[in-house]
Structure formats: structure tokens, C-alpha cells
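Novice: To be precise about what I am sending: the file is called input16.cif and holds mmCIF, C-alpha atoms, pLDDT in the B column; chains and numbers go by the auth columns.
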```
data_target
loop_
_atom_site.group_PDB
_atom_site.id
_atom_site.type_symbol
_atom_site.label_atom_id
_atom_site.label_comp_id
_atom_site.label_asym_id
_atom_site.label_seq_id
_atom_site.Cartn_x
_atom_site.Cartn_y
_atom_site.Cartn_z
_atom_site.B_iso_or_equiv
_atom_site.auth_seq_id
_atom_site.auth_asym_id
ATOM 1 C CA MET A 1 16.310 16.527 0.275 60.00 130 M
ATOM 2 C CA GLN A 2 14.967 17.222 3.766 77.00 131 M
ATOM 3 C CA PHE A 3 12.089 14.837 2.987 78.00 132 M
ATOM 4 C CA LEU A 4 14.529 12.040 2.080 78.00 133 M
ATOM 5 C CA PHE A 5 16.628 12.750 5.163 82.00 134 M
ATOM 6 C CA LYS A 6 13.513 12.320 7.326 86.00 135 M
ATOM 7 C CA LEU A 7 12.782 8.996 5.653 90.00 136 M
ATOM 8 C CA ARG A 8 16.354 7.751 6.133 90.00 137 M
ATOM 9 C CA SER A 9 16.260 8.752 9.800 89.00 138 M
ATOM 10 C CA LYS A 10 13.186 6.509 10.233 92.00 139 M
ATOM 11 C CA GLY A 11 14.913 3.499 8.669 92.00 140 M
ATOM 12 C CA VAL A 12 14.017 3.815 4.972 94.00 141 M
ATOM 13 C CA THR A 13 17.434 3.171 3.422 94.00 142 M
ATOM 14 C CA ASP A 14 16.722 1.252 0.199 96.00 143 M
ATOM 15 C CA LYS A 15 17.804 3.458 -2.719 96.00 144 M
ATOM 16 C CA ARG A 16 15.082 2.318 -5.128 97.00 145 M
ATOM 17 C CA THR A 17 12.389 2.972 -2.516 97.00 146 M
ATOM 18 C CA LEU A 18 13.779 6.434 -1.769 96.00 147 M
ATOM 19 C CA THR A 19 13.955 7.282 -5.482 96.00 148 M
ATOM 20 C CA ALA A 20 10.359 6.155 -6.053 97.00 149 M
ATOM 21 C CA MET A 21 9.195 8.265 -3.121 96.00 150 M
ATOM 22 C CA GLU A 22 11.139 11.262 -4.357 94.00 151 M
ATOM 23 C CA LYS A 23 9.340 10.947 -7.725 95.00 152 M
ATOM 24 C CA THR A 24 5.921 10.842 -6.014 95.00 153 M
ATOM 25 C CA ASP A 25 4.656 14.208 -4.786 94.00 154 M
ATOM 26 C CA ARG A 26 2.509 13.574 -1.705 95.00 155 M
ATOM 27 C CA ALA A 27 0.901 16.993 -2.152 94.00 156 M
ATOM 28 C CA LEU A 28 -1.033 15.579 -5.138 95.00 157 M
ATOM 29 C CA PHE A 29 -2.930 13.336 -2.722 95.00 158 M
ATOM 30 C CA VAL A 30 -3.661 15.712 0.170 92.00 159 M
ATOM 31 C CA ARG A 31 -6.441 18.245 -0.311 83.00 160 M
ATOM 32 C CA GLY A 32 -8.352 20.852 1.664 82.00 161 M
ATOM 33 C CA HIS A 33 -7.407 21.886 5.200 85.00 162 M
ATOM 34 C CA PHE A 34 -4.413 19.556 5.339 88.00 163 M
ATOM 35 C CA ALA A 35 -2.763 20.463 2.025 88.00 164 M
ATOM 36 C CA ASP A 36 -0.064 22.512 3.744 89.00 165 M
ATOM 37 C CA ARG A 37 0.927 19.490 5.849 91.00 166 M
ATOM 38 C CA ALA A 38 1.521 17.161 2.894 90.00 167 M
ATOM 39 C CA TYR A 39 5.272 16.953 3.525 89.00 168 M
ATOM 40 C CA GLU A 40 5.029 16.227 7.237 90.00 169 M
ATOM 41 C CA ASP A 41 5.666 12.696 8.455 91.00 170 M
ATOM 42 C CA MET A 42 2.174 12.098 9.764 91.00 171 M
ATOM 43 C CA PRO A 43 -1.036 10.374 8.651 91.00 172 M
ATOM 44 C CA LEU A 44 -3.698 12.754 7.332 92.00 173 M
ATOM 45 C CA PRO A 45 -7.463 12.428 6.726 89.00 174 M
ATOM 46 C CA ILE A 46 -8.789 11.827 3.210 90.00 175 M
ATOM 47 C CA SER A 47 -12.279 11.154 1.815 88.00 176 M
ATOM 48 C CA CYS A 48 -14.587 8.389 3.092 82.00 177 M
ATOM 49 C CA GLY A 49 -13.221 8.526 6.635 85.00 178 M
ATOM 50 C CA GLN A 50 -9.890 7.039 5.539 87.00 179 M
ATOM 51 C CA THR A 51 -6.307 8.270 5.936 89.00 180 M
ATOM 52 C CA ILE A 52 -3.160 8.681 3.880 91.00 181 M
ATOM 53 C CA SER A 53 -0.383 6.945 5.818 91.00 182 M
ATOM 54 C CA GLN A 54 2.659 8.793 7.073 91.00 183 M
ATOM 55 C CA PRO A 55 5.516 8.713 4.533 94.00 184 M
ATOM 56 C CA SER A 56 7.962 6.869 6.802 94.00 185 M
ATOM 57 C CA VAL A 57 5.511 3.966 7.236 93.00 186 M
ATOM 58 C CA VAL A 58 4.788 3.926 3.483 95.00 187 M
ATOM 59 C CA GLY A 59 8.552 3.805 2.896 96.00 188 M
ATOM 60 C CA LEU A 60 9.139 0.997 5.385 95.00 189 M
ATOM 61 C CA MET A 61 6.296 -1.082 3.904 96.00 190 M
ATOM 62 C CA THR A 62 7.566 -0.488 0.365 97.00 191 M
ATOM 63 C CA GLN A 63 11.103 -1.383 1.390 97.00 192 M
ATOM 64 C CA ALA A 64 9.907 -4.595 3.095 96.00 193 M
ATOM 65 C CA LEU A 65 8.001 -5.594 -0.050 97.00 194 M
ATOM 66 C CA ASN A 66 11.259 -5.559 -2.077 97.00 195 M
ATOM 67 C CA VAL A 67 9.500 -4.962 -5.406 98.00 196 M
ATOM 68 C CA GLN A 68 11.477 -5.944 -8.512 97.00 197 M
ATOM 69 C CA PRO A 69 11.144 -4.341 -11.975 97.00 198 M
ATOM 70 C CA ARG A 70 9.285 -7.306 -13.534 98.00 199 M
ATOM 71 C CA ASP A 71 6.880 -7.796 -10.617 98.00 200 M
ATOM 72 C CA LYS A 72 3.093 -7.744 -10.754 98.00 201 M
ATOM 73 C CA VAL A 73 1.844 -6.152 -7.532 98.00 202 M
ATOM 74 C CA LEU A 74 -1.559 -6.149 -5.827 98.00 203 M
ATOM 75 C CA GLU A 75 -2.348 -3.343 -3.386 97.00 204 M
ATOM 76 C CA VAL A 76 -5.380 -3.819 -1.144 95.00 205 M
ATOM 77 C CA GLY A 77 -6.611 -0.408 -0.016 93.00 206 M
ATOM 78 C CA THR A 78 -6.036 2.244 -2.693 95.00 207 M
ATOM 79 C CA GLY A 79 -6.950 5.101 -0.373 93.00 208 M
ATOM 80 C CA SER A 80 -5.519 8.314 -1.795 96.00 209 M
ATOM 81 C CA GLY A 81 -3.448 6.465 -4.428 97.00 210 M
ATOM 82 C CA TYR A 82 -0.119 7.633 -2.933 97.00 211 M
ATOM 83 C CA GLN A 83 1.211 4.149 -2.189 97.00 212 M
ATOM 84 C CA ALA A 84 0.113 2.798 -5.589 98.00 213 M
ATOM 85 C CA MET A 85 1.960 5.557 -7.433 98.00 214 M
ATOM 86 C CA ILE A 86 5.140 4.813 -5.483 98.00 215 M
ATOM 87 C CA LEU A 87 4.783 1.124 -6.380 98.00 216 M
ATOM 88 C CA SER A 88 4.249 2.065 -10.045 98.00 217 M
ATOM 89 C CA HIS A 89 7.828 3.384 -10.180 98.00 218 M
ATOM 90 C CA LEU A 90 9.159 0.028 -8.932 98.00 219 M
ATOM 91 C CA ALA A 91 6.983 -2.641 -10.552 98.00 220 M
ATOM 92 C CA ARG A 92 5.952 -3.695 -14.053 98.00 221 M
ATOM 93 C CA ARG A 93 2.247 -3.594 -13.182 98.00 222 M
ATOM 94 C CA VAL A 94 0.224 -2.481 -10.156 98.00 223 M
ATOM 95 C CA TYR A 95 -3.349 -3.570 -9.468 98.00 224 M
ATOM 96 C CA THR A 96 -4.997 -1.625 -6.650 97.00 225 M
ATOM 97 C CA VAL A 97 -8.440 -2.169 -5.124 96.00 226 M
ATOM 98 C CA ASP A 98 -10.552 -0.207 -2.676 95.00 227 M
ATOM 99 C CA ARG A 99 -14.062 -0.701 -1.314 92.00 228 M
ATOM 100 C CA TYR A 100 -14.872 3.001 -1.838 93.00 229 M
ATOM 101 C CA LYS A 101 -15.706 3.984 -5.420 95.00 230 M
ATOM 102 C CA ARG A 102 -15.063 7.668 -4.675 94.00 231 M
ATOM 103 C CA LEU A 103 -11.470 6.965 -3.589 95.00 232 M
ATOM 104 C CA VAL A 104 -10.787 4.864 -6.685 96.00 233 M
ATOM 105 C CA THR A 105 -12.229 7.571 -8.963 96.00 234 M
ATOM 106 C CA GLU A 106 -10.151 10.305 -7.313 96.00 235 M
ATOM 107 C CA ALA A 107 -6.973 8.200 -7.424 97.00 236 M
ATOM 108 C CA ARG A 108 -7.515 7.325 -11.099 97.00 237 M
ATOM 109 C CA ALA A 109 -7.787 11.022 -11.934 97.00 238 M
ATOM 110 C CA ILE A 110 -4.416 11.667 -10.271 97.00 239 M
ATOM 111 C CA PHE A 111 -2.766 8.730 -12.085 97.00 240 M
ATOM 112 C CA ASP A 112 -4.159 9.935 -15.421 97.00 241 M
ATOM 113 C CA ALA A 113 -3.024 13.526 -14.845 96.00 242 M
ATOM 114 C CA ALA A 114 0.477 12.263 -13.999 95.00 243 M
ATOM 115 C CA ASP A 115 0.481 10.008 -17.105 96.00 244 M
ATOM 116 C CA ILE A 116 1.001 6.872 -15.004 96.00 245 M
ATOM 117 C CA THR A 117 -0.074 3.989 -17.252 96.00 246 M
ATOM 118 C CA ASN A 118 0.901 0.840 -15.314 98.00 247 M
ATOM 119 C CA ILE A 119 -1.707 1.115 -12.522 98.00 248 M
ATOM 120 C CA THR A 120 -5.140 -0.494 -12.805 97.00 249 M
ATOM 121 C CA ALA A 121 -7.553 0.601 -10.057 97.00 250 M
ATOM 122 C CA PHE A 122 -10.754 -1.266 -9.160 93.00 251 M
ATOM 123 C CA THR A 123 -13.645 -0.787 -6.771 94.00 252 M
ATOM 124 C CA ALA A 124 -13.883 -4.204 -5.112 91.00 253 M
ATOM 125 C CA ASP A 125 -13.827 -6.101 -1.829 88.00 254 M
ATOM 126 C CA GLY A 126 -10.072 -6.196 -1.352 87.00 255 M
ATOM 127 C CA SER A 127 -10.218 -8.913 1.303 87.00 256 M
ATOM 128 C CA HIS A 128 -10.853 -11.350 -1.579 91.00 257 M
ATOM 129 C CA GLY A 129 -7.996 -9.981 -3.700 93.00 258 M
ATOM 130 C CA LEU A 130 -8.245 -10.214 -7.485 94.00 259 M
ATOM 131 C CA PRO A 131 -8.432 -13.924 -8.375 94.00 260 M
ATOM 132 C CA ASP A 132 -8.700 -13.192 -12.110 93.00 261 M
ATOM 133 C CA GLN A 133 -5.277 -11.482 -12.100 94.00 262 M
ATOM 134 C CA ALA A 134 -3.507 -13.873 -9.707 94.00 263 M
ATOM 135 C CA PRO A 135 -0.882 -14.979 -8.956 97.00 264 M
ATOM 136 C CA PHE A 136 0.964 -11.872 -7.787 98.00 265 M
ATOM 137 C CA ASP A 137 4.674 -11.447 -7.098 98.00 266 M
ATOM 138 C CA ARG A 138 3.959 -8.960 -4.322 98.00 267 M
ATOM 139 C CA ILE A 139 0.872 -8.063 -2.269 98.00 268 M
ATOM 140 C CA LEU A 140 0.617 -4.988 -0.042 97.00 269 M
ATOM 141 C CA VAL A 141 -2.297 -4.595 2.355 95.00 270 M
ATOM 142 C CA THR A 142 -2.865 -1.104 3.758 90.00 271 M
ATOM 143 C CA ALA A 143 -5.530 -2.049 6.309 87.00 272 M
ATOM 144 C CA ALA A 144 -5.228 -4.299 9.351 88.00 273 M
ATOM 145 C CA ALA A 145 -6.565 -7.858 9.407 88.00 274 M
ATOM 146 C CA GLU A 146 -6.796 -10.177 12.425 88.00 275 M
ATOM 147 C CA ASP A 147 -4.690 -12.665 10.465 87.00 276 M
ATOM 148 C CA PRO A 148 -3.096 -12.541 6.996 88.00 277 M
ATOM 149 C CA PRO A 149 -6.189 -13.134 4.782 90.00 278 M
ATOM 150 C CA GLY A 150 -6.368 -16.632 3.305 92.00 279 M
ATOM 151 C CA PRO A 151 -7.618 -15.541 -0.152 93.00 280 M
ATOM 152 C CA LEU A 152 -4.652 -13.151 -0.465 96.00 281 M
ATOM 153 C CA LEU A 153 -2.131 -15.764 0.658 96.00 282 M
ATOM 154 C CA ALA A 154 -3.552 -18.092 -2.006 96.00 283 M
ATOM 155 C CA GLN A 155 -2.958 -15.427 -4.688 97.00 284 M
ATOM 156 C CA LEU A 156 0.723 -15.019 -3.816 98.00 285 M
ATOM 157 C CA ARG A 157 3.192 -16.639 -6.183 97.00 286 M
ATOM 158 C CA ILE A 158 5.746 -19.084 -4.732 97.00 287 M
ATOM 159 C CA GLY A 159 8.693 -16.909 -3.790 97.00 288 M
ATOM 160 C CA GLY A 160 6.336 -13.928 -3.479 98.00 289 M
ATOM 161 C CA ILE A 161 6.092 -11.511 -0.570 98.00 290 M
ATOM 162 C CA MET A 162 3.085 -9.988 1.185 97.00 291 M
ATOM 163 C CA VAL A 163 3.306 -7.123 3.688 97.00 292 M
ATOM 164 C CA VAL A 164 0.238 -6.708 5.918 96.00 293 M
ATOM 165 C CA PRO A 165 -0.634 -5.086 9.248 93.00 294 M
ATOM 166 C CA VAL A 166 -2.052 -7.707 11.619 94.00 295 M
ATOM 167 C CA GLY A 167 -3.853 -7.113 14.904 89.00 296 M
ATOM 168 C CA GLN A 168 -7.143 -7.614 16.703 74.00 297 M
ATOM 169 C CA SER A 169 -7.572 -3.961 17.670 65.00 298 M
ATOM 170 C CA ASP A 170 -6.482 -0.572 16.388 64.00 299 M
ATOM 171 C CA ALA A 171 -4.244 -0.213 19.447 70.00 300 M
ATOM 172 C CA VAL A 172 -2.065 -3.300 18.979 78.00 301 M
ATOM 173 C CA GLN A 173 -0.989 -4.105 15.430 91.00 302 M
ATOM 174 C CA SER A 174 2.205 -5.504 13.940 93.00 303 M
ATOM 175 C CA LEU A 175 3.493 -5.143 10.410 93.00 304 M
ATOM 176 C CA ILE A 176 4.112 -8.661 9.098 95.00 305 M
ATOM 177 C CA ARG A 177 6.091 -9.791 6.043 97.00 306 M
ATOM 178 C CA VAL A 178 4.908 -13.121 4.639 97.00 307 M
ATOM 179 C CA THR A 179 7.069 -15.033 2.153 97.00 308 M
ATOM 180 C CA ARG A 180 5.509 -17.946 0.253 97.00 309 M
ATOM 181 C CA THR A 181 7.803 -20.965 -0.050 96.00 310 M
ATOM 182 C CA ASP A 182 7.476 -24.348 -1.747 95.00 311 M
ATOM 183 C CA THR A 183 6.285 -25.812 1.552 95.00 312 M
ATOM 184 C CA GLY A 184 4.214 -23.009 3.093 95.00 313 M
ATOM 185 C CA PHE A 185 4.678 -19.497 4.449 96.00 314 M
ATOM 186 C CA ASP A 186 7.411 -17.781 6.460 96.00 315 M
ATOM 187 C CA TYR A 187 6.416 -14.886 8.718 95.00 316 M
ATOM 188 C CA ASP A 188 8.583 -11.968 9.890 95.00 317 M
ATOM 189 C CA GLU A 189 7.332 -9.395 12.387 94.00 318 M
ATOM 190 C CA LEU A 190 8.680 -5.985 11.373 92.00 319 M
ATOM 191 C CA ARG A 191 7.365 -3.240 13.667 88.00 320 M
ATOM 192 C CA PRO A 192 4.306 -1.928 15.545 88.00 321 M
ATOM 193 C CA VAL A 193 1.851 0.059 13.372 88.00 322 M
ATOM 194 C CA ARG A 194 -1.679 1.442 13.450 83.00 323 M
ATOM 195 C CA PHE A 195 -4.003 1.109 10.447 82.00 324 M
ATOM 196 C CA VAL A 196 -7.737 1.234 9.791 74.00 325 M
ATOM 197 C CA PRO A 197 -9.335 -2.247 9.831 73.00 326 M
ATOM 198 C CA LEU A 198 -9.664 -4.374 6.700 76.00 327 M
ATOM 199 C CA LEU A 199 -13.421 -4.575 6.085 71.00 328 M
ATOM 200 C CA GLU A 200 -15.357 -6.887 3.808 69.00 329 M
ATOM 201 C CA GLY A 201 -17.869 -5.692 1.225 62.00 330 M
ATOM 202 C CA ILE A 202 -18.166 -2.486 -0.802 71.00 331 M
ATOM 203 C CA GLY A 203 -18.302 0.773 1.137 58.00 332 M
ATOM 204 C CA GLN A 204 -21.032 3.398 0.916 62.00 333 M
ATOM 205 C CA ASP A 205 -19.376 6.621 -0.293 57.00 334 M
#
```
How does the structure come out when it is put into C-alpha cells?

Specialist:
Amino acid sequence: MQFLFKLRSKGVTDKRTLTAMEKTDRALFVRGHFADRAYEDMPLPISCGQTISQPSVVGLMTQALNVQPRDKVLEVGTGSGYQAMILSHLARRVYTVDRYKRLVTEARAIFDAADITNITAFTADGSHGLPDQAPFDRILVTAAAEDPPGPLLAQLRIGGIMVVPVGQSDAVQSLIRVTRTDTGFDYDELRPVRFVPLLEGIGQD
């Protein structure tokens, strides 16, 4: 309950988001030296030089995405798998991609052990999305781009929502919500954030 109180105090108030986060044990995704800090509201290092985001930011991004039970969701940046598992409790289907094969393999093992069957994880260049599975109702990007990536915008269904950190440096980034309309895209700036950059290509583990 203390965990949920912390989330609420940071602005995560959507009941479905809070329930999904309560069902998802962050300790499953934090190993080694930092395991005892899994329930703290802070980003922590994971394999391949990446991080697991702090729970309050994960909650705010999930809340902004407004995932519905029939939605097909694309996550760009699997990382530890924590965000994907939260999304799996909200959506019909989650596709998640990461440029690091090791991260995808480790995340898959956690999903399998937890008997989560509606997540499909790929090693791929996430900046190009997954054209074969498009269009998506929701797209969540967990790395910062200079602008919302064109290939991902093109894979968003009309009426769909994308949440993405945008910024030209790791010091100044904004979390943006993009809604696709019949005539184009609407943009809402949500809050300042700090994420690793969105890189093209497949990473060397």
C-alpha cells in the first residue's frame, strides 16, 4: 500500500494503472547490487548499460497512454520488461522490441515464469517499429528521440495514442503525448523527463 501511496503522491491516479502496477512486482526485474532498492522510486541500472525507469514515471507514462482492454500496444525499448508486464495487464496484446538481444532474452524468461502469455518480445531496431504488426492502438517509447519518429507515427491507428520522450539532449527532454486524428496529429506536452537516447540499429550485448 505504501508503494501505491507513493505513486498517487506523484500524480498516478488512474485506478486501472495503479492496479496493473500493483500486480507487477518490480523486484522481478532488478537484480544484483540493487535488488534491495527495487521498491524505491528511482531509476536503477540493468544489463547492457540501460536502466529500469522509476515507478512514478512508468505510472505517469502508462496513465497518459490510456490503454483499453482491446488495444494492441507496441512498446519500443523493452529494457527489463517491467513496463511491458504492466501493459500486459491493461491491453489485449503487447509487442515489445529492444535492440539488445540479452535484454529481450532476460525479459522473456520473466514473462514465461510469470505465465504472461499476451506479450511478444523481439530483438529489433525499435526506431522502425514493427510494420508487419501495424497499425497499433497505442505506442509507448521508453527512449528519447529528437522528434516523434516518423515510422512510429505512421504505425499508429487513427484515434491512437503514442507517448514518447522528446529532446535533443539528455538534460532537456519532455514527455509528449501524440494523438492521431483524421487530419493529422495532436501533441500534448506532459512533463520534463530524462531517458536514454533512442538509437538506431541492433546493439552489441

Novice: Box time for stretch 310-314 of chain M: axis-aligned, enclosing all its listed atoms, 8 Å extra on each side; report centre and edge lengths in Å to one decimal, as lines of an AutoDock Vina configuration file.

Specialist:
```
center_x = 6.0
center_y = -22.7
center_z = 1.4
size_x = 19.6
size_y = 22.3
size_z = 22.2
```

Novice: Give me, as a VMD selection string, all polymer residues having an atom no more than 12 Å from stretch 304-312 of chain M, counting all atoms listed in the file and skipping those fewer than 4 positions away in the same chain.

Specialist: chain M and resid 186 to 187 189 to 195 264 to 279 281 to 296 316 to 324

Novice: Could you save the residues just selected, with C-alpha atoms, as a short mmCIF file (atom, residue, chain, number, x, y, z; two decimals), in the frame of the given file?

Specialist:
```cif
data_model
loop_
_atom_site.label_atom_id
_atom_site.label_comp_id
_atom_site.auth_asym_id
_atom_site.auth_seq_id
_atom_site.Cartn_x
_atom_site.Cartn_y
_atom_site.Cartn_z
CA VAL M 186 5.51 3.97 7.24
CA VAL M 187 4.79 3.93 3.48
CA LEU M 189 9.14 1.00 5.38
CA MET M 190 6.30 -1.08 3.90
CA THR M 191 7.57 -0.49 0.36
CA GLN M 192 11.10 -1.38 1.39
CA ALA M 193 9.91 -4.60 3.10
CA LEU M 194 8.00 -5.59 -0.05
CA ASN M 195 11.26 -5.56 -2.08
CA PRO M 264 -0.88 -14.98 -8.96
CA PHE M 265 0.96 -11.87 -7.79
CA ASP M 266 4.67 -11.45 -7.10
CA ARG M 267 3.96 -8.96 -4.32
CA ILE M 268 0.87 -8.06 -2.27
CA LEU M 269 0.62 -4.99 -0.04
CA VAL M 270 -2.30 -4.60 2.36
CA THR M 271 -2.86 -1.10 3.76
CA ALA M 272 -5.53 -2.05 6.31
CA ALA M 273 -5.23 -4.30 9.35
CA ALA M 274 -6.56 -7.86 9.41
CA GLU M 275 -6.80 -10.18 12.42
CA ASP M 276 -4.69 -12.66 10.46
CA PRO M 277 -3.10 -12.54 7.00
CA PRO M 278 -6.19 -13.13 4.78
CA GLY M 279 -6.37 -16.63 3.30
CA LEU M 281 -4.65 -13.15 -0.46
CA LEU M 282 -2.13 -15.76 0.66
CA ALA M 283 -3.55 -18.09 -2.01
CA GLN M 284 -2.96 -15.43 -4.69
CA LEU M 285 0.72 -15.02 -3.82
CA ARG M 286 3.19 -16.64 -6.18
CA ILE M 287 5.75 -19.08 -4.73
CA GLY M 288 8.69 -16.91 -3.79
CA GLY M 289 6.34 -13.93 -3.48
CA ILE M 290 6.09 -11.51 -0.57
CA MET M 291 3.08 -9.99 1.18
CA VAL M 292 3.31 -7.12 3.69
CA VAL M 293 0.24 -6.71 5.92
CA PRO M 294 -0.63 -5.09 9.25
CA VAL M 295 -2.05 -7.71 11.62
CA GLY M 296 -3.85 -7.11 14.90
CA TYR M 316 6.42 -14.89 8.72
CA ASP M 317 8.58 -11.97 9.89
CA GLU M 318 7.33 -9.40 12.39
CA LEU M 319 8.68 -5.98 11.37
CA ARG M 320 7.36 -3.24 13.67
CA PRO M 321 4.31 -1.93 15.54
CA VAL M 322 1.85 0.06 13.37
CA ARG M 323 -1.68 1.44 13.45
CA PHE M 324 -4.00 1.11 10.45
#
```

Novice: Which of these residues is nearest to M:Leu232, using all atoms listed in the file: M:Ala156, M:Leu327, M:Leu219, M:Cys177?

Specialist: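 Ranked by minimum distance to M:Leu232, first place goes to M:Cys177.
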
Novice: Work out how far apart atom CA of M:Tyr224 and atom CA of M:Lys152 are and give it in Å to one decimal.

Specialist: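 According to the coordinates, atom CA of M:Tyr224 and atom CA of M:Lys152 are separated by 19.4 Å.
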
Novice: What separation in Å, quoted to one decimal, exists between atom CA of M:Pro280 and atom CA of M:Gly258?

Specialist: 6.6 Å

Novice: Measure the distance from atom CA of M:Arg199 to atom CA of M:Arg221 in Å and round it to one decimal.

Specialist: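 For atom CA of M:Arg199 relative to atom CA of M:Arg221, the distance reads 4.9 Å.
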
Novice: Ranking M:Asp170, M:Asp227, M:Asp154, M:Glu235 by minimum distance to M:Thr252 and counting all atoms listed in the file, which one comes first?

Specialist: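 Going through M:Asp170, M:Asp227, M:Asp154, M:Glu235 one by one, the smallest distance to M:Thr252 is for M:Asp227.
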
Novice: Return the single residue from M:Thr246, M:Ser182, M:Gln262, M:Thr148 that is closest to M:Val202, with distances computed using only C-alpha atoms.

Specialist: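 Of all the options, M:Gln262 lies closest to M:Val202.
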
Novice: Using all atoms listed in the file, which protein or nucleic acid residues come within 9 Å of M:Gly140? Drop anything in the same chain fewer than 4 positions from it, and give the result as a list of chain:residue names.

Specialist: M:Leu136, M:Ser185, M:Gly188, M:Leu189

Novice: Translate the PyMOL selection byres ((chain M and resi 234) around 12) into a concrete residue list for this structure, as a PyMOL selection string.

Specialist: chain M and resi 176+207-210+225-233+235-241+249-252+334

Novice: Restricting the calculation to only C-alpha atoms, which member of M:Gly255, M:Gly161, M:Gly206, M:Pro198 is positioned closest to M:Gln179?

Specialist: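 Checking each candidate against M:Gln179, we get M:Gly206 as the closest.
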
Novice: Under the PyMOL selection byres ((chain M and resi 147) around 10), which residues of this model are included? Write them out as number ranges by chain.

Specialist: M: 132-134, 136-137, 141-146, 148-153, 188, 191-192, 215

Novice: For M:Pro174, which residue out of M:Ser256, M:Arg160, M:Ser217, M:Lys139 is the nearest one, using only C-alpha atoms?

Specialist: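 Smallest separation from M:Pro174 among the options: M:Arg160.
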
Novice: Here is a test: counting all atoms listed in the file, which residue of M:Val325, M:Asp254, M:Leu203, M:Gly313 is nearest to M:Thr180?

Specialist: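 Going through M:Val325, M:Asp254, M:Leu203, M:Gly313 one by one, the smallest distance to M:Thr180 is for M:Val325.
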
Novice: Complete the atom set of stretch 294-311 of chain M to N, CA and C atoms and return it as an mmCIF file, in the frame of the given file.

Specialist:
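Below you can see out_4.cif, which holds the result:
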```
data_model
loop_
_atom_site.group_PDB
_atom_site.id
_atom_site.type_symbol
_atom_site.label_atom_id
_atom_site.label_comp_id
_atom_site.auth_asym_id
_atom_site.auth_seq_id
_atom_site.Cartn_x
_atom_site.Cartn_y
_atom_site.Cartn_z
ATOM 1 N N PRO M 294 -0.488 -5.330 7.813
ATOM 2 C CA PRO M 294 -0.634 -5.086 9.248
ATOM 3 C C PRO M 294 -1.602 -6.113 9.845
ATOM 4 N N VAL M 295 -1.236 -6.678 10.979
ATOM 5 C CA VAL M 295 -2.052 -7.707 11.619
ATOM 6 C C VAL M 295 -2.285 -7.320 13.072
ATOM 7 N N GLY M 296 -3.548 -7.407 13.507
ATOM 8 C CA GLY M 296 -3.853 -7.113 14.904
ATOM 9 C C GLY M 296 -5.338 -7.175 15.147
ATOM 10 N N GLN M 297 -5.727 -7.458 16.373
ATOM 11 C CA GLN M 297 -7.143 -7.614 16.703
ATOM 12 C C GLN M 297 -7.786 -6.318 17.183
ATOM 13 N N SER M 298 -7.008 -5.262 17.318
ATOM 14 C CA SER M 298 -7.572 -3.961 17.670
ATOM 15 C C SER M 298 -6.735 -2.882 17.005
ATOM 16 N N ASP M 299 -7.252 -1.638 17.011
ATOM 17 C CA ASP M 299 -6.482 -0.572 16.388
ATOM 18 C C ASP M 299 -5.350 -0.089 17.290
ATOM 19 N N ALA M 300 -5.293 -0.630 18.515
ATOM 20 C CA ALA M 300 -4.244 -0.213 19.447
ATOM 21 C C ALA M 300 -2.998 -1.090 19.351
ATOM 22 N N VAL M 301 -3.194 -2.362 19.013
ATOM 23 C CA VAL M 301 -2.065 -3.300 18.979
ATOM 24 C C VAL M 301 -2.028 -3.989 17.624
ATOM 25 N N GLN M 302 -1.157 -3.500 16.747
ATOM 26 C CA GLN M 302 -0.989 -4.105 15.430
ATOM 27 C C GLN M 302 0.495 -4.262 15.139
ATOM 28 N N SER M 303 0.829 -5.295 14.374
ATOM 29 C CA SER M 303 2.205 -5.504 13.940
ATOM 30 C C SER M 303 2.240 -5.586 12.424
ATOM 31 N N LEU M 304 3.285 -5.016 11.840
ATOM 32 C CA LEU M 304 3.493 -5.143 10.410
ATOM 33 C C LEU M 304 4.213 -6.465 10.164
ATOM 34 N N ILE M 305 3.599 -7.311 9.344
ATOM 35 C CA ILE M 305 4.112 -8.661 9.098
ATOM 36 C C ILE M 305 4.535 -8.783 7.639
ATOM 37 N N ARG M 306 5.683 -9.430 7.405
ATOM 38 C CA ARG M 306 6.091 -9.791 6.043
ATOM 39 C C ARG M 306 5.942 -11.298 5.905
ATOM 40 N N VAL M 307 5.150 -11.700 4.910
ATOM 41 C CA VAL M 307 4.908 -13.121 4.639
ATOM 42 C C VAL M 307 5.601 -13.497 3.335
ATOM 43 N N THR M 308 6.413 -14.538 3.363
ATOM 44 C CA THR M 308 7.069 -15.033 2.153
ATOM 45 C C THR M 308 6.534 -16.427 1.849
ATOM 46 N N ARG M 309 6.023 -16.620 0.629
ATOM 47 C CA ARG M 309 5.509 -17.946 0.253
ATOM 48 C C ARG M 309 6.663 -18.818 -0.229
ATOM 49 N N THR M 310 6.760 -20.013 0.329
ATOM 50 C CA THR M 310 7.803 -20.965 -0.050
ATOM 51 C C THR M 310 7.164 -22.189 -0.703
ATOM 52 N N ASP M 311 7.994 -23.102 -1.155
ATOM 53 C CA ASP M 311 7.476 -24.348 -1.747
ATOM 54 C C ASP M 311 6.643 -25.144 -0.760
#
```
